[in-house]
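This report refers to the structure that appears directly beneath it.
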Amino acid sequence: MSAIERRPTDWASPAMQARIAARYRAERNFRRLGATALVVAAGFLAFLLFTIVRDGWSGFLRTEARLEVTFTPATLGVDPAAVAGPDGKAMLARADYVALLNEAARGLGPASGTLSDAAWLALRERLLADPGLLGQRVSLWVPVRSTIDLLAKGKFDLEAPADSRGVSDREVAAWRWLEREGRLRTGFNSAFLGNADSTEPELAGIGGAALGSLFTLFITIIIAFPLGVLSAVWLEEFAPRGRLADVIELSINNLAAVPSIIFGLLGLAFFLNIAGLPRSSPLVGGITLALMIMPVIVIAARVAIKAVPPSIRDAALGIGASPIQVVFQHVLPLALPGIMTGTIIGIARALGETAPLLLIGMRAFVTDVPQGLSAPATVLPMQVFLWSDDVQRGFVEKTSAAILVLLVILIAMNSLAIYLRNRFERRW
Amino acid sequence: MKLLIALALVLALAGLAYLAGRARATRLTLAAGGRIGAVHSRPVYHGAYVAVLALAPALIVLAGWGLAGEGVIEGRVLATLDAASQPAPGPDRAALMNEVRGLVAGDLPQAFNPLAPVLAPRYAATKTNLDLLAGALAVALLCLGGLWGYSRIRPDFRARNRVEMQVRILLLLASVVAILTTFGIVLSLIFESIRFFRMVSPVEFLTGLAWSPQTALRADQVGSTGAFGAVPLFWGTIFIGAIIAMAVAIPLGLMSAIYLTQYAAPRLRRWLKPVLELLAGVPTVVYGFFAALSVAPVVRQVAVALGMADASADSALAAGLVMGVMIIPFVSSMADDALAAVPRAMRDGSLAMGATMSETVKKVMVPAALPGIIGGVLLAVSRAIGETMIVVMAAGLAANLTANPFSSVTTVTTQIVALLTGDQEFDSAKTLSAFALGLVLFGMTLVLNIYALAVVKRYREAYE
């Protein structure tokens, strides 16, 4: 029986040193690989935000041209004597501002065709604010067409050949003339935040879509929050172990992973075709999204309820509270921060969701702010989708600007959720 | 709108019932000298009991009227016409009633159907009458219920137990909504799919290689039936969601998770984790816009440089890449959980034996966490194949059966959106095929989810 010959490893030998060096090299490479993965992911996010900010910030600006207008009563088709009368305001509101605009635009010479189709609204607004201007000559700023707006923002490559740069020589000449005359200014685009959708990029705004989102989320919250919290309470505190609780739990876990577009199919088949609820409305959109985010709220609420220590329940039961009193007077208030965090995350998801709303017709082209919960409306992400489809060049910056607004709201909501989690969540 | 007013009225009346019940119980308590236990339940419970008895029947009446009322009114209004001029049920009837409603509301200056102006005043009158009737019924039931509850307030009446029973029923009902939603999804998908499979055989749908669901303008047009072979769609879905996107998401997500959990200093982790979460919080429509506007042109240039002169502007690669980035945080957080569940002793043991961190990760932790990681990847695949906006905006509509990432493919979700957003009659095979696609998608994600959750659960139990 021969003893196994064992020599101690000679760590100083070149072979072993090389092996150790190779292992450390592998370690460093692996570590770098991990860092690279994170840098790629973060870099992608940075690049996405960068392109959107780069394309989008100018969407908040609008170019206006100075126009000299004489409020000639004859062109407006109003009787100067009747303006002071009882129907004066109504008469001024109905007057022919388009003709007045066309007349005034002739004064712009080569740039007469550069004004926005809705520039007459600015004239009307001015005259209605001060009827005394009738018959007088004033100078005011009116919005210009989208092409001129983009030229002023430097969005066209003027070095490119005329047929591929997307803007005609005549428009460039008109813009140059306006610039030379000092008739252009670029200012904050209040129409973008206030207006609803429009076929003209310079008039389109996200106001209507934002209000639509608000209506839709209102419905979503009043349905999903109570339902989610109540079913979480039942599952955590009252459900008898058995078939029913298992089936409910399985449904909730699966609903949380069902693709959102399937909820759109449900909304289309059930709410629109069977229940006959109004198409394109915040009502149906809100109900559909509520069903979609309810599992998110249930799961978050269950975690929060589970985190409340049993000693609190036992103490309350011990001094004579009924199980319902224990839950509603002790457990729920303590679990509320966690529940709120989950709810806000769910609502943020509903706010960014587009696919199910496409199927229930919320891609409607709505040129007015929504009138109510059952009137046709659109929502912010849908407005992004609609504008991204539009071939007009002016909509590119509008799309990015709308995305910026959406992202700011979402980041604010998520920060609020994180703040609530850190501020109020207790470790027991 | 009227329904909202009725709802507000009913709620206000129920509030009054609550106050009345509470006041009466308070008086009883005072009459008994305020002694604890003289009246079984505290006044709020008596008030709540009266309010519930008042509110429940009224709400049921209002909800029922809100759902069925329009149908009843339509039936009554149409019954006033003689049998010959009554429109056939279906689209004709719906169109006529829409015009009538438009006339009544004043939205519609003039109707096309000559019957509409005749029916409009009748509709308005019937609607007013029946709405009032339903409202009156609700209020009457509310008063009856409230009075009955009020009359039951006695010192020995166990109001708290009753109210708590009612609350328990409410909790149960809220939980059942989840089951109802699941059933609603399954039933609506299955019913519409059955109607579709009456027109197109399931075998053709599941195995056919040609997808062109166009419908004819004339009945005798060539190809008027369309082709409903969905294999190219399934392939496109898997190609984009399960192959390209995962090729991006699995290495990046897994490596991010390993770096964050094993290497990064706590400070760095506190900063980097929210960045990843932010990536998950960006709406998909934003990714879609980015894929279509920024990524797709670059991919096309690469394709042209590689010698594909006719490269498509909406390639599978652009959509898949962006979708992969979207999925990174999801894979990363699943891998994070899986790695965290590996017992610390295994990791420490390996390190104590002299293994480097990367050797420990590769040879000990990842193999131990593999079931959890695979479960997470399957969940990520299920999320990727159900993703809609990125592929709608960046992947195109051409149903090609190709493995070339630079060519255009289409997916199940893209086709569902394309089929259901046009102006289509609801009975055509084209529209109904969207539900069959939805059914397949639902089935696929359901199987993936159940399997993945089972894998993850079994894995967690193994280490607990």
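In the structure tokens, chains take letters A, B, ... by order of appearance, with residues numbered from 1 within each chain and ligands from 1 in the order shown.
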
**Q.** DSSP strand (DSSP E or B) residues within stretch 106-154 of chain A, listed as a list in words
**A.** Leu115, Arg137, Val138, Ser139, Leu140, Trp141, Val142, Pro143 and Val144 of chain A

Q: Find the residues in chain B near chain A: any atom within 6 Å counts, using only C-alpha atoms. Write them as an NGL selection string.
A: :B and (171 or 174-175 or 178-179 or 185 or 252 or 255-256 or 259 or 283 or 358 or 386)

(Q) Report as a count of residues only all protein, DNA and RNA residues lying within 8 Å of B:Pro329, evaluated on only C-alpha atoms, omitting residues in the same chain fewer than 5 positions from it. (A) 5

**Q.** Contacts of B:Ala291 at 8 Å (only C-alpha atoms; same-chain gap of 5+ positions) as a PyMOL selection string
**A.** chain B and resi 296+318-319+322+390+393-394

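You will find atom CA of B:Val282 at 17.7 Å from atom CA of A:Leu217.
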
**Q.** Contact residues around B:Met444 with only C-alpha atoms at 12 Å, ignoring same-chain residues under 5 positions, as a ChimeraX atom specification
**A.** /A:257-259 /B:234,237-238,378-379,381-386,412,437-439,449-451

I need the chosen residues saved as a PDB file, in the first residue's frame, with N, CA, C and O atoms.
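Saved file out.pdb follows:
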```pdb
ATOM      1  N   ALA A 257     -50.866  39.254 -15.336  1.00  0.00           N
ATOM      2  CA  ALA A 257     -49.909  38.979 -16.401  1.00  0.00           C
ATOM      3  C   ALA A 257     -50.566  38.905 -17.778  1.00  0.00           C
ATOM      4  O   ALA A 257     -49.877  38.667 -18.758  1.00  0.00           O
ATOM      5  N   VAL A 258     -51.879  39.091 -17.842  1.00  0.00           N
ATOM      6  CA  VAL A 258     -52.545  39.064 -19.149  1.00  0.00           C
ATOM      7  C   VAL A 258     -52.123  40.294 -19.948  1.00  0.00           C
ATOM      8  O   VAL A 258     -52.072  41.395 -19.408  1.00  0.00           O
ATOM      9  N   PRO A 259     -51.794  40.142 -21.245  1.00  0.00           N
ATOM     10  CA  PRO A 259     -51.407  41.309 -22.042  1.00  0.00           C
ATOM     11  C   PRO A 259     -52.519  42.348 -22.055  1.00  0.00           C
ATOM     12  O   PRO A 259     -53.695  42.014 -22.082  1.00  0.00           O
TER      13      PRO A 259
ATOM     14  N   PHE B 234     -47.721  34.079 -35.907  1.00  0.00           N
ATOM     15  CA  PHE B 234     -47.126  33.435 -34.723  1.00  0.00           C
ATOM     16  C   PHE B 234     -45.602  33.509 -34.823  1.00  0.00           C
ATOM     17  O   PHE B 234     -44.911  33.813 -33.847  1.00  0.00           O
ATOM     18  N   THR B 237     -44.395  36.997 -34.075  1.00  0.00           N
ATOM     19  CA  THR B 237     -44.485  37.279 -32.641  1.00  0.00           C
ATOM     20  C   THR B 237     -43.315  36.654 -31.899  1.00  0.00           C
ATOM     21  O   THR B 237     -42.668  37.298 -31.065  1.00  0.00           O
ATOM     22  N   ILE B 238     -43.051  35.372 -32.234  1.00  0.00           N
ATOM     23  CA  ILE B 238     -41.973  34.674 -31.535  1.00  0.00           C
ATOM     24  C   ILE B 238     -40.614  35.255 -31.944  1.00  0.00           C
ATOM     25  O   ILE B 238     -39.724  35.448 -31.107  1.00  0.00           O
ATOM     26  N   LEU B 378     -39.262  33.263 -18.722  1.00  0.00           N
ATOM     27  CA  LEU B 378     -40.524  32.878 -19.353  1.00  0.00           C
ATOM     28  C   LEU B 378     -41.580  33.959 -19.141  1.00  0.00           C
ATOM     29  O   LEU B 378     -42.350  34.294 -20.052  1.00  0.00           O
ATOM     30  N   LEU B 379     -41.606  34.520 -17.929  1.00  0.00           N
ATOM     31  CA  LEU B 379     -42.550  35.623 -17.683  1.00  0.00           C
ATOM     32  C   LEU B 379     -42.225  36.799 -18.595  1.00  0.00           C
ATOM     33  O   LEU B 379     -43.118  37.468 -19.115  1.00  0.00           O
ATOM     34  N   VAL B 381     -40.839  36.613 -21.562  1.00  0.00           N
ATOM     35  CA  VAL B 381     -41.292  36.269 -22.910  1.00  0.00           C
ATOM     36  C   VAL B 381     -42.791  36.511 -23.030  1.00  0.00           C
ATOM     37  O   VAL B 381     -43.279  37.090 -24.004  1.00  0.00           O
ATOM     38  N   SER B 382     -43.531  36.090 -21.996  1.00  0.00           N
ATOM     39  CA  SER B 382     -44.977  36.271 -22.054  1.00  0.00           C
ATOM     40  C   SER B 382     -45.327  37.748 -22.128  1.00  0.00           C
ATOM     41  O   SER B 382     -46.244  38.156 -22.843  1.00  0.00           O
ATOM     42  N   ARG B 383     -44.554  38.573 -21.429  1.00  0.00           N
ATOM     43  CA  ARG B 383     -44.800  40.006 -21.516  1.00  0.00           C
ATOM     44  C   ARG B 383     -44.442  40.542 -22.901  1.00  0.00           C
ATOM     45  O   ARG B 383     -45.139  41.378 -23.464  1.00  0.00           O
ATOM     46  N   ALA B 384     -43.347  40.049 -23.471  1.00  0.00           N
ATOM     47  CA  ALA B 384     -42.890  40.564 -24.763  1.00  0.00           C
ATOM     48  C   ALA B 384     -43.855  40.193 -25.882  1.00  0.00           C
ATOM     49  O   ALA B 384     -44.138  41.013 -26.756  1.00  0.00           O
ATOM     50  N   ILE B 385     -44.395  38.971 -25.862  1.00  0.00           N
ATOM     51  CA  ILE B 385     -45.276  38.619 -26.980  1.00  0.00           C
ATOM     52  C   ILE B 385     -46.628  39.301 -26.849  1.00  0.00           C
ATOM     53  O   ILE B 385     -47.348  39.431 -27.828  1.00  0.00           O
ATOM     54  N   GLY B 386     -46.977  39.781 -25.646  1.00  0.00           N
ATOM     55  CA  GLY B 386     -48.245  40.501 -25.509  1.00  0.00           C
ATOM     56  C   GLY B 386     -48.096  41.986 -25.713  1.00  0.00           C
ATOM     57  O   GLY B 386     -49.081  42.706 -25.737  1.00  0.00           O
ATOM     58  N   VAL B 412     -49.018  39.074 -33.758  1.00  0.00           N
ATOM     59  CA  VAL B 412     -50.419  38.864 -33.404  1.00  0.00           C
ATOM     60  C   VAL B 412     -51.042  40.167 -32.921  1.00  0.00           C
ATOM     61  O   VAL B 412     -52.126  40.560 -33.376  1.00  0.00           O
ATOM     62  N   LEU B 437     -57.248  35.519 -32.803  1.00  0.00           N
ATOM     63  CA  LEU B 437     -55.845  35.819 -32.485  1.00  0.00           C
ATOM     64  C   LEU B 437     -55.696  36.135 -31.004  1.00  0.00           C
ATOM     65  O   LEU B 437     -54.740  35.714 -30.356  1.00  0.00           O
ATOM     66  N   GLY B 438     -56.662  36.911 -30.465  1.00  0.00           N
ATOM     67  CA  GLY B 438     -56.630  37.243 -29.049  1.00  0.00           C
ATOM     68  C   GLY B 438     -56.685  35.992 -28.189  1.00  0.00           C
ATOM     69  O   GLY B 438     -55.981  35.876 -27.177  1.00  0.00           O
ATOM     70  N   LEU B 439     -57.511  35.025 -28.616  1.00  0.00           N
ATOM     71  CA  LEU B 439     -57.632  33.779 -27.870  1.00  0.00           C
ATOM     72  C   LEU B 439     -56.301  33.034 -27.851  1.00  0.00           C
ATOM     73  O   LEU B 439     -55.853  32.548 -26.805  1.00  0.00           O
ATOM     74  N   ASN B 449     -47.343  31.811 -18.212  1.00  0.00           N
ATOM     75  CA  ASN B 449     -47.393  32.357 -16.860  1.00  0.00           C
ATOM     76  C   ASN B 449     -47.547  31.265 -15.825  1.00  0.00           C
ATOM     77  O   ASN B 449     -46.845  31.248 -14.819  1.00  0.00           O
ATOM     78  N   ILE B 450     -48.515  30.361 -16.077  1.00  0.00           N
ATOM     79  CA  ILE B 450     -48.770  29.331 -15.076  1.00  0.00           C
ATOM     80  C   ILE B 450     -47.522  28.473 -14.900  1.00  0.00           C
ATOM     81  O   ILE B 450     -47.085  28.197 -13.776  1.00  0.00           O
ATOM     82  N   TYR B 451     -46.906  28.098 -16.033  1.00  0.00           N
ATOM     83  CA  TYR B 451     -45.721  27.262 -15.959  1.00  0.00           C
ATOM     84  C   TYR B 451     -44.591  28.005 -15.231  1.00  0.00           C
ATOM     85  O   TYR B 451     -43.961  27.465 -14.322  1.00  0.00           O
TER      86      TYR B 451
END
```

Q: Rounded to one decimal place, report the atom CA of B:Ala398-atom CA of B:Thr410 distance in Å.
A: 5.8 Å

List the neighbours of B:Ala340 out to 10 Å using only C-alpha atoms; skip same-chain residues closer than 3 positions along the sequence, and give me the result as a PDB file with all heavy atoms, in the first residue's frame.
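Wrote part09.pdb, looks like this:
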```pdb
ATOM      1  N   THR B 261     -26.248  43.103  -7.599  1.00  0.00           N
ATOM      2  CA  THR B 261     -26.349  42.387  -6.325  1.00  0.00           C
ATOM      3  C   THR B 261     -24.982  41.989  -5.788  1.00  0.00           C
ATOM      4  O   THR B 261     -24.810  41.910  -4.575  1.00  0.00           O
ATOM      5  CB  THR B 261     -27.211  41.116  -6.476  1.00  0.00           C
ATOM      6  OG1 THR B 261     -26.692  40.353  -7.568  1.00  0.00           O
ATOM      7  CG2 THR B 261     -28.651  41.451  -6.744  1.00  0.00           C
ATOM      8  N   GLN B 262     -24.001  41.709  -6.658  1.00  0.00           N
ATOM      9  CA  GLN B 262     -22.746  41.148  -6.168  1.00  0.00           C
ATOM     10  C   GLN B 262     -21.595  42.156  -6.118  1.00  0.00           C
ATOM     11  O   GLN B 262     -20.712  42.033  -5.300  1.00  0.00           O
ATOM     12  CB  GLN B 262     -22.322  39.962  -7.035  1.00  0.00           C
ATOM     13  CG  GLN B 262     -23.407  38.939  -7.256  1.00  0.00           C
ATOM     14  CD  GLN B 262     -23.901  38.307  -5.959  1.00  0.00           C
ATOM     15  OE1 GLN B 262     -23.167  38.179  -4.991  1.00  0.00           O
ATOM     16  NE2 GLN B 262     -25.171  37.938  -5.932  1.00  0.00           N
ATOM     17  N   MET B 334     -36.339  39.951 -11.895  1.00  0.00           N
ATOM     18  CA  MET B 334     -36.600  38.536 -11.643  1.00  0.00           C
ATOM     19  C   MET B 334     -35.292  37.821 -11.267  1.00  0.00           C
ATOM     20  O   MET B 334     -35.262  37.002 -10.346  1.00  0.00           O
ATOM     21  CB  MET B 334     -37.202  37.853 -12.878  1.00  0.00           C
ATOM     22  CG  MET B 334     -38.581  38.333 -13.283  1.00  0.00           C
ATOM     23  SD  MET B 334     -39.851  38.213 -12.025  1.00  0.00           S
ATOM     24  CE  MET B 334     -40.091  36.463 -11.911  1.00  0.00           C
ATOM     25  N   ALA B 335     -34.203  38.129 -12.002  1.00  0.00           N
ATOM     26  CA  ALA B 335     -32.916  37.489 -11.717  1.00  0.00           C
ATOM     27  C   ALA B 335     -32.416  37.906 -10.333  1.00  0.00           C
ATOM     28  O   ALA B 335     -31.837  37.093  -9.592  1.00  0.00           O
ATOM     29  CB  ALA B 335     -31.907  37.870 -12.794  1.00  0.00           C
ATOM     30  N   ASP B 336     -32.655  39.178 -10.006  1.00  0.00           N
ATOM     31  CA  ASP B 336     -32.301  39.713  -8.696  1.00  0.00           C
ATOM     32  C   ASP B 336     -32.952  38.877  -7.590  1.00  0.00           C
ATOM     33  O   ASP B 336     -32.282  38.396  -6.657  1.00  0.00           O
ATOM     34  CB  ASP B 336     -32.807  41.167  -8.647  1.00  0.00           C
ATOM     35  CG  ASP B 336     -32.094  41.970  -7.598  1.00  0.00           C
ATOM     36  OD1 ASP B 336     -31.570  41.348  -6.656  1.00  0.00           O
ATOM     37  OD2 ASP B 336     -32.056  43.201  -7.718  1.00  0.00           O
ATOM     38  N   ASP B 337     -34.279  38.657  -7.730  1.00  0.00           N
ATOM     39  CA  ASP B 337     -34.999  37.850  -6.746  1.00  0.00           C
ATOM     40  C   ASP B 337     -34.436  36.447  -6.664  1.00  0.00           C
ATOM     41  O   ASP B 337     -34.235  35.899  -5.575  1.00  0.00           O
ATOM     42  CB  ASP B 337     -36.486  37.767  -7.128  1.00  0.00           C
ATOM     43  CG  ASP B 337     -37.183  39.099  -6.908  1.00  0.00           C
ATOM     44  OD1 ASP B 337     -36.553  39.988  -6.314  1.00  0.00           O
ATOM     45  OD2 ASP B 337     -38.335  39.239  -7.336  1.00  0.00           O
ATOM     46  N   PRO B 343     -29.213  30.479  -0.882  1.00  0.00           N
ATOM     47  CA  PRO B 343     -28.755  30.630   0.513  1.00  0.00           C
ATOM     48  C   PRO B 343     -27.360  31.258   0.567  1.00  0.00           C
ATOM     49  O   PRO B 343     -26.483  30.918  -0.230  1.00  0.00           O
ATOM     50  CB  PRO B 343     -28.708  29.182   1.022  1.00  0.00           C
ATOM     51  CG  PRO B 343     -29.633  28.435   0.138  1.00  0.00           C
ATOM     52  CD  PRO B 343     -29.620  29.110  -1.181  1.00  0.00           C
ATOM     53  N   ARG B 344     -27.214  32.159   1.501  1.00  0.00           N
ATOM     54  CA  ARG B 344     -25.956  32.882   1.608  1.00  0.00           C
ATOM     55  C   ARG B 344     -24.787  31.942   1.900  1.00  0.00           C
ATOM     56  O   ARG B 344     -23.659  32.193   1.469  1.00  0.00           O
ATOM     57  CB  ARG B 344     -26.085  33.923   2.714  1.00  0.00           C
ATOM     58  CG  ARG B 344     -25.023  34.979   2.620  1.00  0.00           C
ATOM     59  CD  ARG B 344     -25.329  36.203   3.436  1.00  0.00           C
ATOM     60  NE  ARG B 344     -24.137  37.041   3.407  1.00  0.00           N
ATOM     61  CZ  ARG B 344     -23.875  37.917   2.466  1.00  0.00           C
ATOM     62  NH1 ARG B 344     -24.714  38.091   1.472  1.00  0.00           N
ATOM     63  NH2 ARG B 344     -22.766  38.636   2.488  1.00  0.00           N
ATOM     64  N   MET B 365     -23.809  30.270  -7.990  1.00  0.00           N
ATOM     65  CA  MET B 365     -25.059  31.008  -7.801  1.00  0.00           C
ATOM     66  C   MET B 365     -25.999  30.873  -8.986  1.00  0.00           C
ATOM     67  O   MET B 365     -27.188  30.606  -8.816  1.00  0.00           O
ATOM     68  CB  MET B 365     -24.751  32.474  -7.518  1.00  0.00           C
ATOM     69  CG  MET B 365     -23.878  32.588  -6.288  1.00  0.00           C
ATOM     70  SD  MET B 365     -23.909  34.156  -5.487  1.00  0.00           S
ATOM     71  CE  MET B 365     -25.597  34.471  -5.269  1.00  0.00           C
ATOM     72  N   ALA B 369     -29.579  29.257  -8.961  1.00  0.00           N
ATOM     73  CA  ALA B 369     -30.732  30.132  -9.172  1.00  0.00           C
ATOM     74  C   ALA B 369     -31.393  29.870 -10.518  1.00  0.00           C
ATOM     75  O   ALA B 369     -32.367  30.523 -10.863  1.00  0.00           O
ATOM     76  CB  ALA B 369     -30.301  31.593  -9.084  1.00  0.00           C
TER      77      ALA B 369
END
```

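Atom CA of B:Ala305 lies 14.5 Å from atom CA of B:Pro405.
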
Q: Name the residues of stretch 113-358 of chain B that come out as helix (DSSP H, G or I) in a backbone DSSP run; write them as a PyMOL selection string.
A: chain B and resi 115-151+159-199+202-207+231-263+266-281+284-305+316-341+344-352+357-358

(Q) Env of A:Leu211: 9 Å cut, atoms = only C-alpha atoms, seq-sep filter 2 positions within chain, self excluded. Answer as JSON, numbers by chain. (A) {"A": [206, 207, 208, 209, 213, 214, 215, 216, 369, 370, 377, 378, 379, 380]}
